[in-house]
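Student: Questions regarding the structure given below will be posed in turn.
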Amino acid sequence: MIFLTTLIFLALSVILQHFWIKYQRHFHLTQIQKSYGVNIDNEIKEKTPSMGGVIFLLLGFLAMAMNFSVDNLLFWSLPILSGFIGFVDDWLKFRTHTSEGFRSLSKLKCQLMLCAFWVIAVFVRGKLGLWPGLWDMGGLLAVPVAFLMTAGTINAVNITDGLDGLAGGSFLVSLAVMMIVIPVDGMNSLNMAELFAMTGGFMFFNLRPARTFMGDTGSHFLGGALAALCVMNGRTLAIIPAGFIFIVEMLSSAIQIFTIRKLGRKIFLMAPLHHHYQKKGFDETAVTIRFWLVHAVAGVTLGLLFAQ
């Protein structure tokens with residue numbers, strides 16, 4: 001059943017993405033690159049379709065419909081609704097022909113409201129916890145922690161999505177790490193297989209030179225999926241090993257902002273961290289592969305420590 005589902009989702013992901021790329025190219029569904037970015041290959045990247053994450057949404061709805069239950073509805077609601085927030089951002093960028101879409105504060109408010117309602121729903125469902133056996137005041141302490149980590153994960157994956165294949169490949173590594181830290185049975189195994197297939201199909205077109213980008217639609221979707229897998233299993237803290245590289249990327253941006261505003265100087269040539277190495281002259285593919293390796297080694301090591 002799981003093997004067949006994986007094959008079906010992988011085939012659908014590749015086929016749908018192929019035709020969606022052709023459609024985007026026909027209607028020029030691309031985005032303007034940020035003027036304050038690294039300004040490397042801008043002419044190529046500005047011509048690359050930028051809403052590949054739309055296929056994630058379609059396949060997410062399919063996954064929810066194929067195994068419809070309250071828990072499965074609750075699980076897929078986070079990545080789908082997060083992805084929709086990202087889609088609004090992507091669509092506004094296209095419509096305005098700028099690199100700025102959804103206003104940052106407005107987008108953050110939508111993310112926080114979604115995460116708050118979703119975490120409360122998981123709590124009411126009786127599935128919320130920090131880690132099995134860890135004292136958490138009957139779940140009450142887990143609510144604010146899960147809320148912050150869920151919202152943080154969505155934004156961390158979004159921040160990481162800056163190089164061809166980086167966010168998608170890192171998410172596949174995260175799925176492998178989660179096989180260590182969360183139960184791989186029942187609904188979990190099916191959902192992980194579906195996520196692996198849809199992300200793998202996307203990566204077929206996203207490796208350098210990318211034929212499509214996932215956009216905020218895709219990064220928000222994957223961030224929501226990563227958080228949902230951990231939180232709904234009563235293992236909110238599993239986000240630490242499973243999302244290691246995403247956390248590092250988000251921290252690099254936070255540190256950069258803090259030091260600029262408080263100390264008047266930069267720690268990195270550019271944040272997030274992957275752009276720092278681009279500025280130092282590293283090849284984009286080299287940075288991506290090294291980040292995958294660091295994520296895999298650190299994630300598996302932390303995952304084994306958590307699982308003990």
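Chain labels A, B, ... are given in the sequence in which chains occur in the structure tokens; within each chain residues are numbered consecutively from 1, and ligands are likewise numbered from 1 in the order shown.
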Please provide as a PyMOL selection string all residues within 8 Å of stretch 41-58 of chain A, with the sequence filter that same-chain residues fewer than 4 positions apart are discarded (counting only C-alpha atoms).

Tutor: chain A and resi 13+16-17+20-21+24-25+28-33+62+80+83-84+87+90+198-199+202+210-219+221

Student: Any idea what's packed within 9 Å of A:Phe123, counting only C-alpha atoms, ignoring anything in its chain fewer than 3 positions away? Could you give it as a PyMOL selection string?

Tutor: chain A and resi 118-120+126-129+139-140+142-143+232

Student: What does the file look like for those residues with N, CA, C and O atoms, as a PDB file, in the first residue's frame?

Tutor:
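What landed in part-v3.pdb:
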```pdb
ATOM      1  N   TRP A 118      -4.041  26.058  15.050  1.00  0.00           N
ATOM      2  CA  TRP A 118      -3.682  24.664  14.760  1.00  0.00           C
ATOM      3  C   TRP A 118      -3.124  23.969  16.006  1.00  0.00           C
ATOM      4  O   TRP A 118      -3.504  22.829  16.307  1.00  0.00           O
ATOM      5  N   VAL A 119      -2.232  24.626  16.727  1.00  0.00           N
ATOM      6  CA  VAL A 119      -1.647  24.026  17.927  1.00  0.00           C
ATOM      7  C   VAL A 119      -2.727  23.771  18.983  1.00  0.00           C
ATOM      8  O   VAL A 119      -2.727  22.723  19.648  1.00  0.00           O
ATOM      9  N   ILE A 120      -3.651  24.695  19.137  1.00  0.00           N
ATOM     10  CA  ILE A 120      -4.754  24.502  20.089  1.00  0.00           C
ATOM     11  C   ILE A 120      -5.597  23.301  19.676  1.00  0.00           C
ATOM     12  O   ILE A 120      -6.026  22.493  20.517  1.00  0.00           O
ATOM     13  N   GLY A 126      -5.583  15.987  22.034  1.00  0.00           N
ATOM     14  CA  GLY A 126      -4.818  15.176  22.978  1.00  0.00           C
ATOM     15  C   GLY A 126      -3.526  14.621  22.429  1.00  0.00           C
ATOM     16  O   GLY A 126      -3.015  13.609  22.928  1.00  0.00           O
ATOM     17  N   LYS A 127      -2.966  15.274  21.414  1.00  0.00           N
ATOM     18  CA  LYS A 127      -1.758  14.760  20.777  1.00  0.00           C
ATOM     19  C   LYS A 127      -0.529  15.639  21.000  1.00  0.00           C
ATOM     20  O   LYS A 127       0.521  15.379  20.430  1.00  0.00           O
ATOM     21  N   LEU A 128      -0.663  16.668  21.807  1.00  0.00           N
ATOM     22  CA  LEU A 128       0.421  17.631  21.969  1.00  0.00           C
ATOM     23  C   LEU A 128       1.339  17.243  23.113  1.00  0.00           C
ATOM     24  O   LEU A 128       0.885  16.817  24.171  1.00  0.00           O
ATOM     25  N   GLY A 129       2.625  17.396  22.905  1.00  0.00           N
ATOM     26  CA  GLY A 129       3.607  17.135  23.942  1.00  0.00           C
ATOM     27  C   GLY A 129       4.980  17.545  23.461  1.00  0.00           C
ATOM     28  O   GLY A 129       5.214  17.672  22.254  1.00  0.00           O
ATOM     29  N   GLY A 139       0.740  19.192  29.451  1.00  0.00           N
ATOM     30  CA  GLY A 139       0.604  19.660  28.075  1.00  0.00           C
ATOM     31  C   GLY A 139       0.555  21.165  27.947  1.00  0.00           C
ATOM     32  O   GLY A 139       0.722  21.694  26.854  1.00  0.00           O
ATOM     33  N   LEU A 140       0.319  21.882  29.050  1.00  0.00           N
ATOM     34  CA  LEU A 140       0.167  23.333  28.974  1.00  0.00           C
ATOM     35  C   LEU A 140       1.451  24.023  28.532  1.00  0.00           C
ATOM     36  O   LEU A 140       1.418  24.977  27.758  1.00  0.00           O
ATOM     37  N   ALA A 142       3.606  22.718  26.656  1.00  0.00           N
ATOM     38  CA  ALA A 142       3.831  22.337  25.263  1.00  0.00           C
ATOM     39  C   ALA A 142       3.124  23.277  24.294  1.00  0.00           C
ATOM     40  O   ALA A 142       3.564  23.419  23.147  1.00  0.00           O
ATOM     41  N   VAL A 143       2.040  23.922  24.735  1.00  0.00           N
ATOM     42  CA  VAL A 143       1.273  24.793  23.836  1.00  0.00           C
ATOM     43  C   VAL A 143       2.106  25.979  23.343  1.00  0.00           C
ATOM     44  O   VAL A 143       2.250  26.170  22.131  1.00  0.00           O
ATOM     45  N   MET A 232       2.342  16.628  15.987  1.00  0.00           N
ATOM     46  CA  MET A 232       1.197  15.721  16.127  1.00  0.00           C
ATOM     47  C   MET A 232       1.563  14.372  16.715  1.00  0.00           C
ATOM     48  O   MET A 232       0.690  13.581  17.070  1.00  0.00           O
TER      49      MET A 232
END
```

Student: Would you list the contacts of A:Gly201 as number ranges by chain, taking every protein, DNA or RNA residue within 9 Å and counting only C-alpha atoms, but skipping same-chain residues closer than 2 positions in sequence?

Tutor: A: 9-15, 17, 196-199, 203-205

Student: Quick one: write out the picked residues with N, CA, C and O atoms as a short mmCIF file (atom, residue, chain, number, x, y, z; two decimals), in the first residue's frame?

Tutor:
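Saved the output as part.cif:
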```cif
data_model
loop_
_atom_site.label_atom_id
_atom_site.label_comp_id
_atom_site.auth_asym_id
_atom_site.auth_seq_id
_atom_site.Cartn_x
_atom_site.Cartn_y
_atom_site.Cartn_z
N PHE A 9 2.32 8.98 -6.11
CA PHE A 9 2.59 10.39 -5.80
C PHE A 9 3.85 10.88 -6.50
O PHE A 9 3.90 12.05 -6.92
N LEU A 10 4.84 10.02 -6.63
CA LEU A 10 6.06 10.41 -7.34
C LEU A 10 5.76 10.67 -8.82
O LEU A 10 6.20 11.68 -9.38
N ALA A 11 4.99 9.77 -9.43
CA ALA A 11 4.63 9.95 -10.83
C ALA A 11 3.78 11.20 -11.03
O ALA A 11 4.02 11.99 -11.95
N LEU A 12 2.80 11.41 -10.15
CA LEU A 12 1.95 12.60 -10.25
C LEU A 12 2.77 13.87 -10.06
O LEU A 12 2.57 14.87 -10.76
N SER A 13 3.70 13.83 -9.12
CA SER A 13 4.52 15.00 -8.85
C SER A 13 5.34 15.38 -10.07
O SER A 13 5.39 16.57 -10.46
N VAL A 14 5.97 14.41 -10.70
CA VAL A 14 6.79 14.68 -11.88
C VAL A 14 5.93 15.15 -13.05
O VAL A 14 6.25 16.15 -13.72
N ILE A 15 4.83 14.45 -13.31
CA ILE A 15 3.97 14.79 -14.45
C ILE A 15 3.33 16.16 -14.28
O ILE A 15 3.37 17.01 -15.19
N GLN A 17 4.24 18.59 -12.29
CA GLN A 17 5.24 19.64 -12.27
C GLN A 17 5.72 19.98 -13.69
O GLN A 17 5.94 21.16 -14.03
N PHE A 196 7.71 12.46 0.85
CA PHE A 196 8.96 12.09 0.18
C PHE A 196 8.77 12.08 -1.33
O PHE A 196 9.60 12.61 -2.09
N ALA A 197 7.65 11.51 -1.79
CA ALA A 197 7.39 11.39 -3.23
C ALA A 197 7.15 12.75 -3.88
O ALA A 197 7.71 13.05 -4.93
N MET A 198 6.32 13.57 -3.25
CA MET A 198 6.01 14.87 -3.86
C MET A 198 7.24 15.79 -3.87
O MET A 198 7.45 16.55 -4.82
N THR A 199 8.06 15.70 -2.82
CA THR A 199 9.28 16.52 -2.78
C THR A 199 10.33 15.98 -3.75
O THR A 199 11.02 16.75 -4.44
N MET A 203 12.14 17.90 -6.81
CA MET A 203 13.60 18.01 -6.89
C MET A 203 14.13 17.61 -8.25
O MET A 203 15.21 18.04 -8.66
N PHE A 204 13.39 16.76 -8.97
CA PHE A 204 13.79 16.37 -10.32
C PHE A 204 13.96 17.60 -11.21
O PHE A 204 14.77 17.60 -12.15
N PHE A 205 13.20 18.67 -10.90
CA PHE A 205 13.25 19.88 -11.71
C PHE A 205 13.95 21.04 -11.00
O PHE A 205 14.11 22.11 -11.58
#
```

Student: When you look at A:Thr285 with a cut-off of 10 Å (counting only C-alpha atoms), what residues show up, excluding the ones that are within fewer than 6 positions of it in the same chain? I need them as a ChimeraX atom specification.

Tutor: /A:163-166,207-209,291

Student: Could you save those same residues with C-alpha atoms as a tab-separated table (two decimals), in the first residue's frame?

Tutor:
```tsv
chain	number	residue	atom	x	y	z
A	163	LEU	CA	19.68	28.12	-3.64
A	164	ASP	CA	18.75	25.54	-6.27
A	165	GLY	CA	17.81	22.34	-4.46
A	166	LEU	CA	18.74	23.55	-0.98
A	207	LEU	CA	18.48	20.73	-8.95
A	208	ARG	CA	20.92	23.24	-10.43
A	209	PRO	CA	20.25	24.61	-12.96
A	291	PHE	CA	24.63	22.04	3.69
```

Student: Within stretch 21-148 of chain A, find each residue whose DSSP state, derived from the backbone, is alpha helix (DSSP H), and express the selection as a PyMOL selection string.

Tutor: chain A and resi 21-26+42-45+54-66+70-96+104-124+142-148

Student: Convert the current residue selection to file output with C-alpha atoms, as a PDB file, in the first residue's frame.

Tutor:
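In the end it all went to result_5.pdb:
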```pdb
ATOM      1  CA  ILE A  21       6.353  24.472 -15.642  1.00  0.00           C
ATOM      2  CA  LYS A  22       5.222  24.654 -19.276  1.00  0.00           C
ATOM      3  CA  TYR A  23       2.124  26.606 -18.216  1.00  0.00           C
ATOM      4  CA  GLN A  24       4.166  29.039 -16.099  1.00  0.00           C
ATOM      5  CA  ARG A  25       6.639  29.611 -18.926  1.00  0.00           C
ATOM      6  CA  HIS A  26       3.805  30.279 -21.357  1.00  0.00           C
ATOM      7  CA  ASN A  42      19.785  37.061 -11.780  1.00  0.00           C
ATOM      8  CA  GLU A  43      18.979  37.072 -15.497  1.00  0.00           C
ATOM      9  CA  ILE A  44      18.586  33.274 -15.478  1.00  0.00           C
ATOM     10  CA  LYS A  45      16.678  33.078 -12.199  1.00  0.00           C
ATOM     11  CA  VAL A  54       1.415  24.884  -6.155  1.00  0.00           C
ATOM     12  CA  ILE A  55       1.789  21.176  -6.992  1.00  0.00           C
ATOM     13  CA  PHE A  56       2.492  20.522  -3.298  1.00  0.00           C
ATOM     14  CA  LEU A  57      -0.897  22.029  -2.491  1.00  0.00           C
ATOM     15  CA  LEU A  58      -2.696  19.866  -5.054  1.00  0.00           C
ATOM     16  CA  LEU A  59      -0.999  16.688  -3.856  1.00  0.00           C
ATOM     17  CA  GLY A  60      -1.598  17.678  -0.223  1.00  0.00           C
ATOM     18  CA  PHE A  61      -5.339  17.855  -0.908  1.00  0.00           C
ATOM     19  CA  LEU A  62      -5.142  14.475  -2.648  1.00  0.00           C
ATOM     20  CA  ALA A  63      -3.284  12.904   0.283  1.00  0.00           C
ATOM     21  CA  MET A  64      -5.886  14.256   2.687  1.00  0.00           C
ATOM     22  CA  ALA A  65      -8.786  12.954   0.563  1.00  0.00           C
ATOM     23  CA  MET A  66      -7.273   9.488   0.015  1.00  0.00           C
ATOM     24  CA  VAL A  70      -9.941  13.758  11.679  1.00  0.00           C
ATOM     25  CA  ASP A  71      -6.264  13.255  12.449  1.00  0.00           C
ATOM     26  CA  ASN A  72      -5.253  13.269   8.794  1.00  0.00           C
ATOM     27  CA  LEU A  73      -7.349  16.373   8.158  1.00  0.00           C
ATOM     28  CA  LEU A  74      -5.634  18.060  11.098  1.00  0.00           C
ATOM     29  CA  PHE A  75      -2.199  16.982   9.872  1.00  0.00           C
ATOM     30  CA  TRP A  76      -2.552  18.232   6.288  1.00  0.00           C
ATOM     31  CA  SER A  77      -4.377  21.415   7.267  1.00  0.00           C
ATOM     32  CA  LEU A  78      -1.128  22.996   8.534  1.00  0.00           C
ATOM     33  CA  PRO A  79       1.029  22.551   5.398  1.00  0.00           C
ATOM     34  CA  ILE A  80      -1.894  23.323   3.069  1.00  0.00           C
ATOM     35  CA  LEU A  81      -2.970  26.511   4.853  1.00  0.00           C
ATOM     36  CA  SER A  82       0.660  27.567   5.344  1.00  0.00           C
ATOM     37  CA  GLY A  83       1.222  26.958   1.649  1.00  0.00           C
ATOM     38  CA  PHE A  84      -1.796  29.099   0.830  1.00  0.00           C
ATOM     39  CA  ILE A  85      -0.267  32.010   2.780  1.00  0.00           C
ATOM     40  CA  GLY A  86       2.885  31.535   0.739  1.00  0.00           C
ATOM     41  CA  PHE A  87       0.836  31.379  -2.458  1.00  0.00           C
ATOM     42  CA  VAL A  88      -0.697  34.788  -1.722  1.00  0.00           C
ATOM     43  CA  ASP A  89       2.841  36.135  -1.321  1.00  0.00           C
ATOM     44  CA  ASP A  90       3.997  34.556  -4.599  1.00  0.00           C
ATOM     45  CA  TRP A  91       0.942  35.769  -6.501  1.00  0.00           C
ATOM     46  CA  LEU A  92       1.327  39.351  -5.265  1.00  0.00           C
ATOM     47  CA  LYS A  93       4.983  39.356  -6.334  1.00  0.00           C
ATOM     48  CA  PHE A  94       3.938  38.266  -9.807  1.00  0.00           C
ATOM     49  CA  ARG A  95       1.055  40.719 -10.057  1.00  0.00           C
ATOM     50  CA  THR A  96       3.110  43.706  -8.886  1.00  0.00           C
ATOM     51  CA  SER A 104       6.057  41.046   6.066  1.00  0.00           C
ATOM     52  CA  LEU A 105       4.026  42.054   9.112  1.00  0.00           C
ATOM     53  CA  SER A 106       0.740  41.004   7.503  1.00  0.00           C
ATOM     54  CA  LYS A 107       2.195  37.646   6.501  1.00  0.00           C
ATOM     55  CA  LEU A 108       3.590  37.102   9.994  1.00  0.00           C
ATOM     56  CA  LYS A 109       0.190  37.855  11.554  1.00  0.00           C
ATOM     57  CA  CYS A 110      -1.461  35.282   9.275  1.00  0.00           C
ATOM     58  CA  GLN A 111       1.202  32.711  10.147  1.00  0.00           C
ATOM     59  CA  LEU A 112       0.830  33.304  13.881  1.00  0.00           C
ATOM     60  CA  MET A 113      -2.963  33.073  13.782  1.00  0.00           C
ATOM     61  CA  LEU A 114      -2.825  29.851  11.785  1.00  0.00           C
ATOM     62  CA  CYS A 115      -0.222  28.295  14.085  1.00  0.00           C
ATOM     63  CA  ALA A 116      -2.124  29.331  17.219  1.00  0.00           C
ATOM     64  CA  PHE A 117      -5.417  27.780  16.069  1.00  0.00           C
ATOM     65  CA  TRP A 118      -3.682  24.664  14.760  1.00  0.00           C
ATOM     66  CA  VAL A 119      -1.647  24.026  17.927  1.00  0.00           C
ATOM     67  CA  ILE A 120      -4.754  24.502  20.089  1.00  0.00           C
ATOM     68  CA  ALA A 121      -6.616  22.010  17.877  1.00  0.00           C
ATOM     69  CA  VAL A 122      -3.793  19.477  18.321  1.00  0.00           C
ATOM     70  CA  PHE A 123      -3.869  20.111  22.088  1.00  0.00           C
ATOM     71  CA  VAL A 124      -7.639  19.551  22.237  1.00  0.00           C
ATOM     72  CA  ALA A 142       3.831  22.337  25.263  1.00  0.00           C
ATOM     73  CA  VAL A 143       1.273  24.793  23.836  1.00  0.00           C
ATOM     74  CA  PRO A 144       3.469  27.944  23.730  1.00  0.00           C
ATOM     75  CA  VAL A 145       6.569  25.908  22.830  1.00  0.00           C
ATOM     76  CA  ALA A 146       4.765  24.163  19.967  1.00  0.00           C
ATOM     77  CA  PHE A 147       3.288  27.468  18.806  1.00  0.00           C
ATOM     78  CA  LEU A 148       6.699  29.175  18.645  1.00  0.00           C
TER      79      LEU A 148
END
```

Student: Which residue, A:Val231, A:Val181, A:Ile247, A:Leu190, has the smallest gap to A:Leu304 when you use only C-alpha atoms?

Tutor: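 Going through A:Val231, A:Val181, A:Ile247, A:Leu190 one by one, the smallest distance to A:Leu304 is for A:Val181.
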
Student: Give me, as a PyMOL selection string, all polymer residues having an atom no more than 12 Å from A:Met192, counting only C-alpha atoms and skipping those fewer than 3 positions away in the same chain.

Tutor: chain A and resi 2-3+5-6+9+60+63+75-76+171-179+182-189+195-200+222+225-226+228-230

Student: Looking at only C-alpha atoms, which of A:Lys279, A:His274, A:Asn206, A:Ile180 is the one that sits closest to A:Val300?

Tutor: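 Nearest candidate to A:Val300 out of A:Lys279, A:His274, A:Asn206, A:Ile180: A:Ile180.
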
Student: From the set A:Thr153, A:Asn67, A:Ser99, A:Gln308, which residue has the shortest atom-to-atom contact distance to A:Val248, counting only C-alpha atoms?

Tutor: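 Comparing A:Thr153, A:Asn67, A:Ser99, A:Gln308 against A:Val248, the winner is A:Thr153.
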
Student: Tell me, as a VMD selection string, which residues lie within 9 Å of A:Ala254, counting only C-alpha atoms; anything in the same chain fewer than 5 positions away does not count.

Tutor: chain A and resid 249 259 271 to 272

Student: How would the residues just picked look written out with C-alpha atoms as a PDB file, in the first residue's frame?

Tutor:
```
ATOM      1  CA  GLU A 249      19.820  29.377   8.650  1.00  0.00           C
ATOM      2  CA  THR A 259      24.491  42.781  15.277  1.00  0.00           C
ATOM      3  CA  ALA A 271      22.485  36.410   5.627  1.00  0.00           C
ATOM      4  CA  PRO A 272      21.124  33.783   5.665  1.00  0.00           C
TER       5      PRO A 272
END
```
